[in-house]
file work09.txt (compact mmCIF, C-alpha atoms)
# COMPACT_ATOMS: atom_id res chain seq x y z
CA MET X 1 -36.32 18.52 20.34
CA HIS X 2 -39.82 17.24 19.72
CA GLY X 3 -41.11 20.64 18.65
CA TYR X 4 -40.74 19.65 15.02
CA ALA X 5 -41.84 16.07 15.56
CA ASN X 6 -45.23 17.36 14.51
CA PRO X 7 -45.10 17.23 10.68
CA THR X 8 -47.46 20.22 10.34
CA ARG X 9 -45.04 22.50 12.18
CA PHE X 10 -42.09 21.12 10.26
CA LEU X 11 -43.95 21.50 6.97
CA SER X 12 -44.88 25.13 7.61
CA LEU X 13 -41.20 25.87 8.30
CA ALA X 14 -39.99 23.84 5.31
CA ARG X 15 -42.49 25.48 2.98
CA TRP X 16 -40.75 28.87 3.03
CA LEU X 17 -37.23 27.61 3.85
CA THR X 18 -37.01 25.32 0.78
CA PRO X 19 -37.17 28.06 -1.91
CA VAL X 20 -34.86 30.30 0.14
CA LEU X 21 -32.19 27.56 0.37
CA LEU X 22 -32.58 26.47 -3.25
CA LEU X 23 -32.42 29.98 -4.65
CA SER X 24 -29.47 31.19 -2.56
CA GLY X 25 -27.69 27.88 -3.17
CA ILE X 26 -28.09 28.09 -6.95
CA VAL X 27 -26.98 31.75 -7.05
CA LEU X 28 -23.87 31.13 -4.91
CA SER X 29 -22.84 27.85 -6.61
CA VAL X 30 -23.28 29.17 -10.14
CA GLY X 31 -21.47 32.38 -9.20
CA ALA X 32 -18.56 30.58 -7.52
CA VAL X 33 -18.16 28.02 -10.32
CA ALA X 34 -18.22 30.82 -12.93
CA TRP X 35 -15.65 32.72 -10.85
CA GLY X 36 -13.52 29.58 -10.76
CA LEU X 37 -13.88 29.02 -14.51
CA PHE X 38 -13.31 32.54 -15.81
CA VAL X 39 -11.61 34.71 -13.18
CA VAL X 40 -9.22 32.54 -11.20
CA PRO X 41 -5.65 32.42 -12.61
CA PRO X 42 -4.11 29.09 -13.69
CA ASP X 43 -2.15 27.13 -11.07
CA ARG X 44 1.64 27.20 -11.25
CA LEU X 45 1.89 23.45 -12.00
CA MET X 46 -1.57 22.19 -12.90
CA GLY X 47 -2.49 25.11 -15.14
CA GLU X 48 -6.13 25.28 -16.22
CA THR X 49 -7.13 21.91 -14.76
CA VAL X 50 -7.17 23.48 -11.28
CA ARG X 51 -10.65 24.84 -12.08
CA ILE X 52 -12.28 21.46 -11.51
CA LEU X 53 -11.50 22.11 -7.82
CA TYR X 54 -14.69 24.18 -7.56
CA ILE X 55 -16.89 21.16 -8.24
CA HIS X 56 -14.69 18.40 -6.83
CA VAL X 57 -14.17 19.80 -3.33
CA PRO X 58 -17.79 20.87 -2.57
CA SER X 59 -19.01 17.47 -3.85
CA ALA X 60 -16.55 15.61 -1.63
CA TRP X 61 -17.64 17.75 1.31
CA LEU X 62 -21.33 16.97 0.71
CA GLY X 63 -20.69 13.27 0.13
CA MET X 64 -19.05 13.02 3.55
CA GLY X 65 -21.38 15.57 5.19
CA GLY X 66 -24.39 13.64 3.88
CA TRP X 67 -23.33 10.46 5.63
CA THR X 68 -22.59 12.40 8.81
CA GLY X 69 -26.20 13.64 8.57
CA ILE X 70 -27.47 10.08 8.11
CA ALA X 71 -25.49 8.95 11.17
CA LEU X 72 -26.77 11.82 13.35
CA SER X 73 -30.38 11.27 12.24
CA SER X 74 -29.98 7.54 12.88
CA ALA X 75 -28.76 8.23 16.42
CA ALA X 76 -31.72 10.63 16.97
CA LEU X 77 -34.08 7.95 15.70
CA LEU X 78 -32.69 5.25 17.98
CA ILE X 79 -32.43 7.44 21.10
CA TRP X 80 -35.40 9.82 20.94
CA LYS X 81 -37.52 7.88 18.41
CA HIS X 82 -37.90 11.20 16.63
CA PRO X 83 -40.37 10.56 13.80
CA LEU X 84 -38.76 13.01 11.38
CA ALA X 85 -35.28 11.52 11.84
CA ALA X 86 -35.97 8.47 9.69
CA ILE X 87 -37.46 10.68 6.96
CA GLY X 88 -34.48 13.04 7.15
CA ALA X 89 -31.96 10.21 6.83
CA ARG X 90 -33.82 8.75 3.85
CA ALA X 91 -34.00 12.19 2.23
CA VAL X 92 -30.23 12.74 2.56
CA ALA X 93 -29.19 9.37 1.11
CA VAL X 94 -29.87 9.90 -2.62
CA PRO X 95 -28.40 13.43 -2.97
CA GLY X 96 -25.47 12.33 -0.79
CA MET X 97 -24.78 9.44 -3.14
CA VAL X 98 -25.08 11.70 -6.20
CA PHE X 99 -22.50 14.14 -4.82
CA THR X 100 -20.17 11.27 -3.88
CA ALA X 101 -20.42 10.04 -7.48
CA ILE X 102 -19.72 13.57 -8.79
CA CYS X 103 -16.67 13.75 -6.52
CA LEU X 104 -15.32 10.43 -7.83
CA ALA X 105 -16.02 11.34 -11.47
CA THR X 106 -14.44 14.80 -11.30
CA GLY X 107 -11.51 13.39 -9.33
CA SER X 108 -10.93 10.79 -12.01
CA ILE X 109 -11.07 13.40 -14.78
CA TRP X 110 -8.66 15.57 -12.81
CA GLY X 111 -6.33 12.67 -12.06
CA ARG X 112 -5.71 11.82 -15.72
CA PRO X 113 -3.84 15.03 -16.67
CA THR X 114 -2.43 15.71 -13.19
CA TRP X 115 -1.22 12.34 -11.93
CA GLY X 116 -1.23 10.49 -15.22
CA SER X 117 -3.93 7.99 -14.26
CA TRP X 118 -7.74 7.85 -14.26
CA TRP X 119 -7.85 5.70 -11.15
CA VAL X 120 -5.42 4.29 -8.60
CA TRP X 121 -6.23 2.10 -5.59
CA ASP X 122 -4.85 4.48 -3.02
CA GLY X 123 -6.32 5.05 0.46
CA ARG X 124 -8.32 8.20 -0.29
CA LEU X 125 -9.83 7.03 -3.56
CA THR X 126 -10.66 3.57 -2.26
CA SER X 127 -12.32 4.82 0.93
CA MET X 128 -14.39 7.30 -1.10
CA LEU X 129 -15.50 4.48 -3.40
CA VAL X 130 -16.50 2.49 -0.30
CA LEU X 131 -18.65 5.49 0.74
CA LEU X 132 -20.47 5.31 -2.62
CA PHE X 133 -21.23 1.63 -2.01
CA LEU X 134 -22.36 2.38 1.55
CA TYR X 135 -24.87 4.91 0.17
CA ALA X 136 -26.16 2.32 -2.32
CA GLY X 137 -26.55 -0.21 0.50
CA TYR X 138 -28.30 2.31 2.74
CA ILE X 139 -30.77 3.32 0.03
CA ALA X 140 -31.63 -0.31 -0.74
CA LEU X 141 -32.00 -1.15 2.96
CA ALA X 142 -34.16 1.90 3.76
CA GLN X 143 -36.44 1.26 0.79
CA ALA X 144 -36.81 -2.39 1.66
CA SER X 145 -37.68 -1.57 5.27
CA VAL X 146 -40.36 0.92 4.16
CA ARG X 147 -41.84 -1.32 1.50
CA ASP X 148 -41.92 -4.51 3.53
CA GLY X 149 -42.96 -2.70 6.71
CA GLY X 150 -39.73 -3.61 8.47
CA SER X 151 -38.27 -1.70 11.39
CA SER X 152 -36.59 1.62 10.58
CA LYS X 153 -34.02 0.66 13.21
CA ILE X 154 -32.15 -1.60 10.76
CA PRO X 155 -31.15 1.16 8.31
CA ALA X 156 -30.43 3.40 11.34
CA ILE X 157 -27.93 0.87 12.71
CA PHE X 158 -26.37 0.58 9.24
CA GLY X 159 -26.13 4.39 9.10
CA ILE X 160 -24.23 4.50 12.39
CA VAL X 161 -21.89 1.61 11.53
CA GLY X 162 -21.14 3.14 8.11
CA ALA X 163 -20.01 6.36 9.80
CA VAL X 164 -16.73 4.58 10.64
CA ASN X 165 -15.68 5.27 7.07
CA ILE X 166 -15.91 9.07 7.46
CA PRO X 167 -12.84 9.59 9.71
CA ILE X 168 -10.99 7.00 7.59
CA ILE X 169 -11.62 9.04 4.41
CA ASN X 170 -10.57 12.17 6.22
CA ARG X 171 -7.32 10.72 7.63
CA SER X 172 -6.45 8.41 4.71
CA VAL X 173 -3.98 10.86 3.20
CA VAL X 174 -2.21 11.36 6.53
CA TRP X 175 -2.01 7.75 7.73
CA TRP X 176 -0.83 6.18 4.51
CA ASN X 177 1.55 7.09 1.71
CA SER X 178 -0.99 8.30 -0.80
CA LEU X 179 -1.07 9.66 -4.33
CA HIS X 180 -3.75 12.13 -3.24
CA GLN X 181 -2.22 15.21 -1.60
CA PRO X 182 -2.58 15.80 2.17
CA PRO X 183 -5.30 18.22 3.35
CA SER X 184 -4.84 21.77 2.02
CA ILE X 185 -7.14 23.43 4.51
CA THR X 186 -6.57 22.63 8.16
CA VAL X 187 -7.77 24.50 11.24
CA GLY X 188 -6.51 28.07 11.04
CA LYS X 189 -4.34 27.66 7.96
CA SER X 190 -4.60 27.09 4.26
CA ALA X 191 -2.07 26.05 1.64
CA ILE X 192 -4.39 27.43 -1.05
CA ALA X 193 -3.64 30.95 -2.23
CA GLY X 194 -6.39 33.51 -1.57
CA GLU X 195 -7.28 33.82 -5.29
CA PHE X 196 -8.27 30.15 -5.28
CA LEU X 197 -9.58 29.96 -1.72
CA ILE X 198 -12.32 32.62 -1.65
CA PRO X 199 -14.38 31.26 -4.59
CA LEU X 200 -13.82 27.76 -3.18
CA LEU X 201 -15.34 28.69 0.18
CA ILE X 202 -18.29 30.36 -1.59
CA ALA X 203 -18.77 27.23 -3.73
CA VAL X 204 -18.78 25.02 -0.63
CA LEU X 205 -21.38 27.29 1.03
CA GLY X 206 -23.52 27.45 -2.11
CA PHE X 207 -23.44 23.68 -2.71
CA SER X 208 -24.34 23.14 0.98
CA LEU X 209 -27.37 25.46 0.80
CA LEU X 210 -28.48 23.74 -2.39
CA PHE X 211 -28.08 20.37 -0.68
CA GLY X 212 -30.18 21.59 2.27
CA GLY X 213 -32.92 22.73 -0.12
CA ILE X 214 -32.92 19.39 -1.95
CA VAL X 215 -33.12 17.47 1.35
CA LEU X 216 -36.10 19.57 2.52
CA MET X 217 -37.84 19.01 -0.82
CA ARG X 218 -37.33 15.27 -0.53
CA MET X 219 -38.52 15.26 3.10
CA ARG X 220 -41.72 17.06 2.07
CA ALA X 221 -42.25 14.57 -0.75
CA LEU X 222 -41.71 11.60 1.59
CA ILE X 223 -44.14 13.06 4.17
CA ALA X 224 -46.74 13.69 1.45
CA GLU X 225 -46.31 10.11 0.27
CA MET X 226 -46.89 8.79 3.80
CA GLN X 227 -49.98 11.01 4.22
CA VAL X 228 -51.44 9.73 0.96
CA GLU X 229 -50.91 6.17 2.08
CA ALA X 230 -52.47 6.84 5.50
CA ARG X 231 -55.50 8.48 3.88
CA LEU X 232 -56.00 5.60 1.46
CA ARG X 233 -55.78 3.13 4.32
CA ARG X 234 -58.34 5.10 6.34
CA ARG X 235 -60.70 5.25 3.38
CA ALA X 236 -60.36 1.53 2.85
CA LEU X 237 -61.25 1.00 6.53
CA GLU X 238 -64.29 3.33 6.27
CA ASP X 239 -65.54 1.37 3.28
CA ASP X 240 -65.25 -1.81 5.32
CA VAL X 241 -67.22 -0.51 8.31
CA PRO X 242 -70.81 -0.86 6.95
CA VAL X 243 -70.09 -4.39 5.84
CA ALA X 244 -68.75 -5.31 9.25
CA ALA X 245 -71.73 -3.62 10.96
CA SER X 246 -74.29 -5.44 8.82
CA MET X 247 -72.51 -8.69 9.48
CA GLY X 248 -72.73 -7.99 13.20
CA THR X 249 -76.51 -7.44 13.19
CA SER X 250 -77.46 -10.43 11.12
CA MET P 1 -45.99 10.07 36.73
CA THR P 2 -44.51 6.57 36.86
CA GLU P 3 -45.15 6.28 33.14
CA THR P 4 -43.14 9.39 32.26
CA SER P 5 -40.26 8.45 34.57
CA THR P 6 -40.01 4.96 33.06
CA GLY P 7 -40.20 6.63 29.63
CA LEU P 8 -37.33 8.90 30.56
CA ARG P 9 -35.35 5.99 31.96
CA ALA P 10 -35.86 4.00 28.76
CA LYS P 11 -34.73 6.96 26.71
CA HIS P 12 -31.66 7.33 28.92
CA GLN P 13 -30.91 3.65 28.53
CA ARG P 14 -31.20 3.84 24.75
CA MET P 15 -28.91 6.84 24.69
CA VAL P 16 -26.24 5.02 26.75
CA LEU P 17 -26.55 1.96 24.48
CA VAL P 18 -26.25 4.01 21.29
CA VAL P 19 -23.25 5.92 22.63
CA ILE P 20 -21.53 2.68 23.68
CA ALA P 21 -22.27 1.20 20.25
CA ILE P 22 -20.87 4.24 18.44
CA VAL P 23 -17.71 4.26 20.57
CA ALA P 24 -17.19 0.52 20.03
CA VAL P 25 -17.75 0.73 16.27
CA VAL P 26 -15.46 3.75 15.82
CA ALA P 27 -12.77 2.14 17.99
CA ALA P 28 -12.99 -1.05 15.92
CA GLY P 29 -12.69 0.94 12.70
CA LEU P 30 -9.73 2.95 13.93
CA LEU P 31 -7.96 -0.17 15.22
CA ALA P 32 -8.47 -1.86 11.86
CA ALA P 33 -7.13 1.21 10.06
CA TYR P 34 -4.20 1.34 12.45
CA ALA P 35 -3.40 -2.32 11.80
CA LEU P 36 -3.42 -1.56 8.07
CA ARG P 37 -0.88 1.23 8.58
CA ASN P 38 1.92 -0.40 6.66
CA GLN P 39 -0.15 -2.63 4.41
CA ALA P 40 -2.33 0.10 2.93
CA ASN P 41 0.49 2.31 1.71
CA PHE P 42 0.13 3.17 -1.94
CA PHE P 43 3.91 3.24 -2.34
CA TYR P 44 7.16 2.77 -0.44
CA LEU P 45 9.47 5.65 0.39
CA PRO P 46 13.16 5.25 -0.58
CA GLU P 47 14.17 4.73 3.06
CA GLN P 48 11.52 2.01 3.47
CA MET P 49 12.70 0.35 0.28
CA SER P 50 16.38 0.41 1.11
CA ALA P 51 15.80 -0.72 4.70
CA ASN P 52 13.63 -3.60 3.52
CA PRO P 53 14.45 -4.23 -0.14
CA PRO P 54 11.85 -6.19 -2.14
CA GLU P 55 13.19 -9.13 -4.15
CA ALA P 56 14.54 -8.13 -7.56
CA GLY P 57 11.90 -8.18 -10.27
CA LYS P 58 8.92 -8.06 -7.87
CA ALA P 59 6.35 -5.40 -8.84
CA VAL P 60 6.28 -2.59 -6.28
CA ARG P 61 5.69 1.16 -6.21
CA LEU P 62 8.33 3.65 -5.21
CA GLY P 63 7.29 7.15 -4.20
CA GLY P 64 9.22 10.23 -3.25
CA MET P 65 10.68 13.47 -4.46
CA VAL P 66 12.62 13.85 -7.70
CA GLN P 67 15.97 15.07 -6.43
CA PRO P 68 16.69 18.50 -7.96
CA GLY P 69 19.56 18.31 -10.46
CA SER P 70 19.34 14.55 -10.87
CA LEU P 71 17.04 14.36 -13.91
CA GLU P 72 18.77 13.56 -17.20
CA THR P 73 17.77 12.16 -20.55
CA LEU P 74 19.96 9.30 -21.69
CA ASP P 75 21.58 9.06 -25.12
CA ASP P 76 18.74 7.03 -26.67
CA GLY P 77 16.50 10.08 -26.24
CA ILE P 78 13.55 8.35 -24.61
CA THR P 79 14.97 6.98 -21.37
CA VAL P 80 15.17 9.29 -18.40
CA ALA P 81 17.21 8.71 -15.27
CA PHE P 82 16.64 10.45 -11.97
CA VAL P 83 17.08 9.94 -8.25
CA VAL P 84 14.16 9.65 -5.80
CA THR P 85 14.62 10.88 -2.24
CA GLY P 86 12.38 10.65 0.80
CA ASN P 87 12.46 12.20 4.25
CA GLU P 88 15.83 10.71 5.09
CA ALA P 89 19.19 10.37 3.40
CA ALA P 90 18.33 7.19 1.47
CA THR P 91 17.99 7.63 -2.28
CA ILE P 92 17.10 5.27 -5.09
CA PRO P 93 18.11 5.76 -8.75
CA VAL P 94 15.28 5.27 -11.24
CA ARG P 95 15.17 4.65 -14.99
CA TYR P 96 12.10 5.08 -17.12
CA SER P 97 11.36 4.99 -20.86
CA GLY P 98 8.10 6.54 -21.94
CA ILE P 99 5.90 9.60 -21.80
CA LEU P 100 6.33 11.75 -18.71
CA PRO P 101 3.22 13.18 -16.98
CA ASP P 102 2.78 16.97 -17.19
CA LEU P 103 3.48 17.53 -13.53
CA PHE P 104 6.71 15.58 -13.55
CA VAL P 105 9.44 18.09 -12.67
CA GLU P 106 12.51 18.10 -10.45
CA GLY P 107 11.68 18.79 -6.83
CA SER P 108 8.13 17.50 -7.08
CA GLY P 109 6.53 14.26 -5.98
CA VAL P 110 6.53 11.11 -8.10
CA VAL P 111 5.17 7.58 -7.77
CA ALA P 112 6.80 4.94 -9.98
CA ASP P 113 5.39 1.48 -10.78
CA GLY P 114 8.11 -1.01 -11.50
CA SER P 115 10.65 -3.25 -9.87
CA LEU P 116 14.01 -3.07 -8.19
CA GLN P 117 16.85 -4.53 -10.26
CA GLU P 118 19.80 -6.59 -8.98
CA ASN P 119 22.07 -3.55 -9.23
CA GLY P 120 19.84 -1.42 -6.99
CA THR P 121 18.31 0.65 -9.79
CA PHE P 122 14.54 0.91 -9.91
CA LEU P 123 13.22 0.18 -13.39
CA ALA P 124 9.90 2.00 -13.77
CA THR P 125 7.16 0.85 -16.14
CA ASN P 126 4.80 3.73 -15.37
CA LEU P 127 5.18 7.11 -13.70
CA LEU P 128 2.52 9.01 -11.77
CA ALA P 129 3.07 12.61 -10.74
CA LYS P 130 2.06 13.56 -7.23
CA HIS P 131 0.64 16.97 -6.56
CA ASP P 132 1.28 18.63 -3.20
CA GLU P 133 -1.45 20.47 -1.27
CA ASN P 134 -0.28 23.94 -2.31
CA TYR P 135 -2.32 25.86 -4.85
CA VAL P 136 -0.43 28.90 -6.16
CA PRO P 137 -1.22 31.04 -9.22
CA ARG P 138 1.49 31.25 -11.88
CA GLU P 139 1.91 35.00 -11.39
CA LEU P 140 2.97 34.48 -7.79
CA GLU P 141 5.45 31.72 -8.50
CA GLY P 142 8.70 32.43 -6.71
CA LEU P 143 7.22 35.25 -4.65
CA GLU P 144 5.43 33.11 -2.11
CA GLN P 145 6.93 31.05 0.64
CA HIS P 146 4.64 28.26 -0.63
CA GLN P 147 7.23 27.68 -3.24
CA SER P 148 10.21 27.13 -0.96
CA PRO P 149 11.64 23.71 -1.75
CA GLU P 150 11.95 22.71 1.92
CA GLN P 151 8.28 23.27 2.53
CA SER P 152 7.01 21.48 -0.52
CA TYR P 153 9.50 18.75 0.30
CA THR P 154 8.19 18.17 3.81
CA THR P 155 4.52 18.50 2.86
CA THR P 156 4.62 16.27 -0.18
CA MET P 157 6.39 13.55 1.72
CA TYR P 158 3.94 13.59 4.58
CA THR P 159 4.58 10.51 6.68
CA ASP P 160 5.08 9.92 10.36
call {"tool": "encode", "arguments": {"input": "work09.txt", "output": "structure tokens"}}
result
Amino acid sequence: MHGYANPTRFLSLARWLTPVLLLSGIVLSVGAVAWGLFVVPPDRLMGETVRILYIHVPSAWLGMGGWTGIALSSAALLIWKHPLAAIGARAVAVPGMVFTAICLATGSIWGRPTWGSWWVWDGRLTSMLVLLFLYAGYIALAQASVRDGGSSKIPAIFGIVGAVNIPIINRSVVWWNSLHQPPSITVGKSAIAGEFLIPLLIAVLGFSLLFGGIVLMRMRALIAEMQVEARLRRRALEDDVPVAASMGTS
Amino acid sequence: MTETSTGLRAKHQRMVLVVIAIVAVVAAGLLAAYALRNQANFFYLPEQMSANPPEAGKAVRLGGMVQPGSLETLDDGITVAFVVTGNEAATIPVRYSGILPDLFVEGSGVVADGSLQENGTFLATNLLAKHDENYVPRELEGLEQHQSPEQSYTTTMYTD
């Protein structure tokens, strides 16, 4: 568990893993989205608008997966005091929020021709909007705790409490009468025809790899930032030493 | 030696505390969601509406399946009349004047904004089409069991 607590070991792993994830993620996502745009046949009822599926579903998956990552890192931070956990959670927050926003935007664009409305206050849409606000709150809280030297436990607790929303988003279409359709893909069965399903699964995999690459990039940037700050602080201390020493002798 | 064992004990303690906190928070969230069961519905099903009719003229949403064979355009050319069914026998007749959404067809899901009239007809001011969870290419329409009305009926009207 603490093997990668040492940033040097983590960084040497991240250095070659980042380009691998980014490259494979870009290739798979672009390929799957192009497949969805040009190859997949129109849906029997929705026609051409079904193609937005290939951006909407992976984004929703990453929006929810991102917060699950924040919650797991937060638990690791509180229990094991793992030093990389706080950095990991901070690195996930911004891309997670971006994908949640993409999910809401594409869903809204899809809802207009399909349902006849840009937005409705139904259980699924509302709980997803709450997730967007949770991300915004987490980012503000984490930044404030870093800047003002506060405890990283506060955003970690917020990350765990916010995880309550994840099962609610997931179950919202089952618990309540909802305009959003119930889950299409459940364990072991799919209501999506194979022509639609295969590129969708590839898109989800590609978006996930891309997300992993972005998170590693951000973690490296955050670590570099911390190292710069530590070095500046050390230099400032070294500059102070002769002064202190001369004061001592006089 | 004592230092590491106290360190381990502290870690164990933190783990128990975090697990208890997570369980408590998730339980609180699920209880809250459970309590909202009937308040957070986006619409009422016909059986819910006929069992517990809202007062006439009050704005509510009715959701269900457009009963196959019930859709007709009235003589004025812009008003449509159809019957909405749910999981049970109860049905509610609906009238609507305006532009129909693309997905509005007989046998598919619909959510109507509007109000119940004195005579039991639901007067809709806005219609939303509901899509079910099945994605089927046009070429396969009619060939797949996805299309069977019973299945799309039960899945679109997913309630307990």
call {"tool": "interface_residues", "arguments": {"input": "work09.txt", "of": "chain X", "to": "chain P", "cutoff": "6 Å", "atoms": "only C-alpha atoms", "output": "PDB file with C-alpha atoms, in the frame of the given file"}}
result
ATOM      1  CA  PRO X  41      -5.650  32.420 -12.610  1.00  0.00           C
ATOM      2  CA  PRO X  42      -4.110  29.090 -13.690  1.00  0.00           C
ATOM      3  CA  ASP X  43      -2.150  27.130 -11.070  1.00  0.00           C
ATOM      4  CA  ARG X  44       1.640  27.200 -11.250  1.00  0.00           C
ATOM      5  CA  ILE X  79     -32.430   7.440  21.100  1.00  0.00           C
ATOM      6  CA  TRP X 115      -1.220  12.340 -11.930  1.00  0.00           C
ATOM      7  CA  GLY X 116      -1.230  10.490 -15.220  1.00  0.00           C
ATOM      8  CA  ASP X 122      -4.850   4.480  -3.020  1.00  0.00           C
ATOM      9  CA  VAL X 164     -16.730   4.580  10.640  1.00  0.00           C
ATOM     10  CA  TRP X 176      -0.830   6.180   4.510  1.00  0.00           C
ATOM     11  CA  ASN X 177       1.550   7.090   1.710  1.00  0.00           C
ATOM     12  CA  SER X 178      -0.990   8.300  -0.800  1.00  0.00           C
ATOM     13  CA  LEU X 179      -1.070   9.660  -4.330  1.00  0.00           C
ATOM     14  CA  GLN X 181      -2.220  15.210  -1.600  1.00  0.00           C
ATOM     15  CA  PRO X 182      -2.580  15.800   2.170  1.00  0.00           C
ATOM     16  CA  SER X 184      -4.840  21.770   2.020  1.00  0.00           C
ATOM     17  CA  ALA X 191      -2.070  26.050   1.640  1.00  0.00           C
ATOM     18  CA  ILE X 192      -4.390  27.430  -1.050  1.00  0.00           C
ATOM     19  CA  ALA X 193      -3.640  30.950  -2.230  1.00  0.00           C
TER      20      ALA X 193
END
call {"tool": "residues_near_point", "arguments": {"input": "work09.txt", "point": "(-18.1, 13.0, -4.3)", "cutoff": "10 Å", "atoms": "all atoms listed in the file", "output": "list of chain:residue names"}}
result
X:Ile55, X:His56, X:Val57, X:Pro58, X:Ser59, X:Ala60, X:Trp61, X:Leu62, X:Gly63, X:Met64, X:Gly96, X:Met97, X:Val98, X:Phe99, X:Thr100, X:Ala101, X:Ile102, X:Cys103, X:Leu104, X:Ala105, X:Thr106, X:Gly107, X:Met128, X:Leu129, X:Leu131, X:Leu132
call {"tool": "atom_distance", "arguments": {"input": "work09.txt", "atom1": "CA of His82 in chain X", "atom2": "CA of Ala156 in chain X"}}
result
12.0 Å
call {"tool": "residues_near_point", "arguments": {"input": "work09.txt", "point": "(13.9, 9.9, 0.5)", "cutoff": "12 Å", "atoms": "only C-alpha atoms", "output": "VMD selection string"}}
result
chain P and resid 44 to 51 62 to 67 83 to 93 107 109 to 110 153 to 154 156 to 159
call {"tool": "residues_around", "arguments": {"input": "work09.txt", "residues": "Leu84 in chain X", "least_positions_apart": "4", "cutoff": "12 Å", "atoms": "all atoms listed in the file", "output": "list in words"}}
result
Met1, His2, Gly3, Tyr4, Ala5, Asn6, Pro7, Thr8, Arg9, Phe10, Leu11, Ser73, Ser74, Ala76, Leu77, Leu78, Trp80, Gly88, Ala89, Arg90, Ala91, Ser152, Leu216, Met219, Arg220, Leu222, Ile223 and Met226 of chain X
call {"tool": "decode", "arguments": {"input": "work09.txt", "residues": "range 179-196 of chain X", "atoms": "N, CA and C atoms", "output": "PDB file, in the first residue's frame"}}
result
ATOM      1  N   LEU X 179     -38.677  10.560 -16.253  1.00  0.00           N
ATOM      2  CA  LEU X 179     -38.745  10.730 -17.702  1.00  0.00           C
ATOM      3  C   LEU X 179     -37.564  10.011 -18.358  1.00  0.00           C
ATOM      4  N   HIS X 180     -36.444   9.952 -17.628  1.00  0.00           N
ATOM      5  CA  HIS X 180     -35.270   9.242 -18.124  1.00  0.00           C
ATOM      6  C   HIS X 180     -35.580   7.741 -18.105  1.00  0.00           C
ATOM      7  N   GLN X 181     -35.129   7.011 -19.130  1.00  0.00           N
ATOM      8  CA  GLN X 181     -35.439   5.581 -19.186  1.00  0.00           C
ATOM      9  C   GLN X 181     -34.664   4.802 -18.119  1.00  0.00           C
ATOM     10  N   PRO X 182     -35.195   3.645 -17.703  1.00  0.00           N
ATOM     11  CA  PRO X 182     -34.467   2.793 -16.751  1.00  0.00           C
ATOM     12  C   PRO X 182     -33.166   2.268 -17.361  1.00  0.00           C
ATOM     13  N   PRO X 183     -32.255   1.709 -16.535  1.00  0.00           N
ATOM     14  CA  PRO X 183     -30.951   1.287 -17.061  1.00  0.00           C
ATOM     15  C   PRO X 183     -31.080   0.305 -18.221  1.00  0.00           C
ATOM     16  N   SER X 184     -30.278   0.548 -19.283  1.00  0.00           N
ATOM     17  CA  SER X 184     -30.313  -0.336 -20.454  1.00  0.00           C
ATOM     18  C   SER X 184     -29.403  -1.530 -20.259  1.00  0.00           C
ATOM     19  N   ILE X 185     -28.288  -1.286 -19.537  1.00  0.00           N
ATOM     20  CA  ILE X 185     -27.312  -2.353 -19.364  1.00  0.00           C
ATOM     21  C   ILE X 185     -27.307  -2.732 -17.896  1.00  0.00           C
ATOM     22  N   THR X 186     -27.762  -3.956 -17.602  1.00  0.00           N
ATOM     23  CA  THR X 186     -27.693  -4.448 -16.239  1.00  0.00           C
ATOM     24  C   THR X 186     -26.828  -5.699 -16.265  1.00  0.00           C
ATOM     25  N   VAL X 187     -26.493  -6.214 -15.093  1.00  0.00           N
ATOM     26  CA  VAL X 187     -25.573  -7.354 -15.023  1.00  0.00           C
ATOM     27  C   VAL X 187     -26.072  -8.477 -15.920  1.00  0.00           C
ATOM     28  N   GLY X 188     -25.248  -8.842 -16.900  1.00  0.00           N
ATOM     29  CA  GLY X 188     -25.535 -10.015 -17.717  1.00  0.00           C
ATOM     30  C   GLY X 188     -26.537  -9.790 -18.830  1.00  0.00           C
ATOM     31  N   LYS X 189     -27.166  -8.564 -18.920  1.00  0.00           N
ATOM     32  CA  LYS X 189     -28.058  -8.402 -20.056  1.00  0.00           C
ATOM     33  C   LYS X 189     -28.138  -6.960 -20.510  1.00  0.00           C
ATOM     34  N   SER X 190     -28.430  -6.795 -21.778  1.00  0.00           N
ATOM     35  CA  SER X 190     -28.438  -5.466 -22.350  1.00  0.00           C
ATOM     36  C   SER X 190     -29.651  -5.298 -23.243  1.00  0.00           C
ATOM     37  N   ALA X 191     -30.312  -4.154 -23.125  1.00  0.00           N
ATOM     38  CA  ALA X 191     -31.454  -3.861 -23.984  1.00  0.00           C
ATOM     39  C   ALA X 191     -31.008  -3.061 -25.201  1.00  0.00           C
ATOM     40  N   ILE X 192     -29.682  -2.940 -25.373  1.00  0.00           N
ATOM     41  CA  ILE X 192     -29.128  -2.213 -26.510  1.00  0.00           C
ATOM     42  C   ILE X 192     -28.672  -3.238 -27.540  1.00  0.00           C
ATOM     43  N   ALA X 193     -29.129  -3.075 -28.777  1.00  0.00           N
ATOM     44  CA  ALA X 193     -28.750  -4.023 -29.825  1.00  0.00           C
ATOM     45  C   ALA X 193     -27.238  -3.979 -30.043  1.00  0.00           C
ATOM     46  N   GLY X 194     -26.672  -5.125 -30.454  1.00  0.00           N
ATOM     47  CA  GLY X 194     -25.223  -5.261 -30.603  1.00  0.00           C
ATOM     48  C   GLY X 194     -24.580  -4.169 -31.440  1.00  0.00           C
ATOM     49  N   GLU X 195     -25.267  -3.736 -32.542  1.00  0.00           N
ATOM     50  CA  GLU X 195     -24.720  -2.693 -33.404  1.00  0.00           C
ATOM     51  C   GLU X 195     -24.413  -1.418 -32.629  1.00  0.00           C
ATOM     52  N   PHE X 196     -25.262  -1.120 -31.633  1.00  0.00           N
ATOM     53  CA  PHE X 196     -25.065   0.080 -30.824  1.00  0.00           C
ATOM     54  C   PHE X 196     -24.110  -0.188 -29.673  1.00  0.00           C
TER      55      PHE X 196
END
